[in-house]
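Just below is one structure, and these are the notes that go with it.
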Amino acid sequence: MVRNWDSFGLVLGVLALTLISAAQAQSTRKLTKDPTVRFCPSRCVVVTGHGFANGSSVAVFETRGGWARISDYLDRKQLTASFGDKITKRPALWVPLAALDGNAAKAETQPTKKKSRTRRVNVVRRLARLRNPPVPTYRPGTAFAADPGDVVDVEKVAAEATGENEVEKQESAVAESEVQPTDAQKVAEKERIEAAEKTRLASEAAAREKEDAEALAAAQKAEAAKNKQDEEALAAAKREEEALAAAKREEEKKAEIARQEAEKVAKAAKAKRDADAAEAEARKLAEAEAAKTRKAEEEKLAEAEKVKKEQQEARDKAEAVKTAEMKKAAEAEKAAAEAKNAAAEAKKAAETPEQENVEVAKVDPSATASTEPETVYESANPNPIELAERPKKYTKALNDKRLSKLPGQKSKRASAEEVIAVRHFALMLLVNNECSGIADGGRSPGSPGMLFVRCTDDPEYLRQFPLEEESW
């Protein structure tokens with residue numbers, strides 16, 4: 001990740017460098033878009049908070065590889081505190097040439113500083129010049145100095161060029177004064193002067209050739225040193241670029257690993273959500289099915305209760321009819337007995353004296369009738385169930401194995417109070433021999449506040465009782 005330089009400090013530093021070194025820049029350009037600023041014309045560290053934006057004027061110091069340097073070289077030590085050792089050796093602010101205006105292309109073609117190039121010597125041309133030196137063109141015997149009024153003696157110049165001694169100069173002067181030279185002598189003198197000139201020119205050419213060779217060797221040596229320095233700088237830049245590429249690949253690898261881990265976590269979370277949703281859906285379906293089953297059972301129980309109630313009403317009605325008939329028969333039997341007793345009394349009175357008849361007449365006829373045993377029916381005096389007091393808490397007696405088909409302590413369909421009431425009433429039915437076994441029990445369908453217990457002896461009959469305990 002690229003570290004950010006402090007924006008305010010970087011802007012102040014860039015402005016200061018721009019004001020100080022604006023005179024040293026090649027040209028001033030304008031930015032045509034928001035630029036990407038780096039510390040070198042390559043994939044160096046990206047600089048943020050630089051303050052350069054579209055339309056800003058920048059000073060172009062040099063261009064290289066499609067990038068333009070817009071600041072003087074910065075202090076690397078100050079930058080390493082924020083950017084680490086990834087900073088190049090000579091950091092500066094570089095922007096792409098594409099971010100500058102149309103004149104930026106010219107800046108790339110112009111070098112930052114004109115390099116002094118050693119003049120190359122054409123050896124072939126030099127040798128040809130030495131073999132055929134140029135011949136001066138002037139009138140024989142004279143030469144012109146800088147002043148046209150001064151006439152130079154050619155023979156004197158030639159004598160000085162050939163290195164004649166002073167005595168020879170004097171003798172030549174005396175001979176010249178005494179005898180005038182002929183045309184042949186003049187031609188020979190001219191040839192001698194030309195030969196001396198050729199010798200002088202050859203020596204000068206040899207000296208220049210030597211200087212040129214030395215300069216060429218020095219230039220080649222400097223060029224080799226510069227090429228070596230450039231190769232070292234290129235190798236260093238390549239190593240730095242490879243290090244940056246390796247660091248980038250490492251960061252990308254770490255980012256890829258982090259992304260894969262995040263995908264795994266997301267997949268696991270999604271799988272868990274799907275499992276929870278499936279479980280919730282299954283639970284919902286199970287609850288709906290259980291509710292449907294409970295409703296069917298309740299409807300079945302209500303129907304059974306209705307049938308049982310109708311049967312009970314029919315039995316009660318039949319019992320009432322039977323009771324009425326038995327009562328009527330008892331009354332008829334009683335009337336017959338009274339009539340029989342009256343007849344017997346009358347017969348006895350007829351056989352006894354009159355006094356006895358009087359006394360017999362005083363006797364209450366009902367007294368004689370009461371001596372006969374009266375018929376008593378079992379249904380007239382039913383034996384009530386002896387119910388013990390219902391406990392307030394769940395006791396050990398309520399865990400009787402015979403009550404296993406009734407709701408227990410952990411039942412979700414009945415409250416604790418209902419469980420205690422149903423189990424206590426069922427236990428009392430077993431204790432009073434009203435039932436030999438318990439089929440089931442619970443809330444009475446269609447009768448709020450009522451509970452029921454059903455015995456195995458008569459599974460069609462529901463023995464109902466109120467939840468709130470009442471005195472019988």
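Identifiers in this document derive from the order of the structure tokens: chains are assigned A, B, ..., residues are numbered from 1 separately in each chain, and ligands are numbered from 1 in order of occurrence.
On the backbone of this structure, DSSP gives strand (DSSP E or B) within range 431-462 of chain A to Ile438, Ala439, Asp440, Gly441, Gly442, Arg443, Met450, Leu451, Phe452, Val453, Arg454 and Cys455 of chain A.
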Please produce a file of the residues just selected, as a PDB file, in the first residue's frame, where the atoms kept are C-alpha atoms.
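This went into selection.pdb:
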ATOM      1  CA  ILE A 438     -56.842 -45.085  32.740  1.00  0.00           C
ATOM      2  CA  ALA A 439     -56.994 -44.677  28.939  1.00  0.00           C
ATOM      3  CA  ASP A 440     -56.286 -40.934  28.702  1.00  0.00           C
ATOM      4  CA  GLY A 441     -57.321 -37.516  30.026  1.00  0.00           C
ATOM      5  CA  GLY A 442     -56.862 -33.771  29.675  1.00  0.00           C
ATOM      6  CA  ARG A 443     -58.888 -30.680  28.761  1.00  0.00           C
ATOM      7  CA  MET A 450     -63.486 -28.564  32.457  1.00  0.00           C
ATOM      8  CA  LEU A 451     -61.186 -31.608  32.495  1.00  0.00           C
ATOM      9  CA  PHE A 452     -61.908 -35.252  31.688  1.00  0.00           C
ATOM     10  CA  VAL A 453     -60.585 -38.720  32.422  1.00  0.00           C
ATOM     11  CA  ARG A 454     -61.444 -41.790  30.362  1.00  0.00           C
ATOM     12  CA  CYS A 455     -61.236 -45.304  31.826  1.00  0.00           C
TER      13      CYS A 455
END
Name the closest residue to Ala414 in chain A among the candidates A:Ala225, A:Ala233, A:Leu467, A:Leu462; distances are taken between atoms, counting only C-alpha atoms. A:Leu467
So that I can see what lies close to range 415-418 of chain A, please list as an MDAnalysis selection string the residues with an atom at most 12 Å from it, counting only C-alpha atoms and leaving out residues fewer than 4 positions away in the same chain. chainID A and resid 390:395 406:411 422:425 441:444 449:453 465:469
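Relative to CA of Asn433 in chain A, CA of Gln312 in chain A is found at 20.7 Å.
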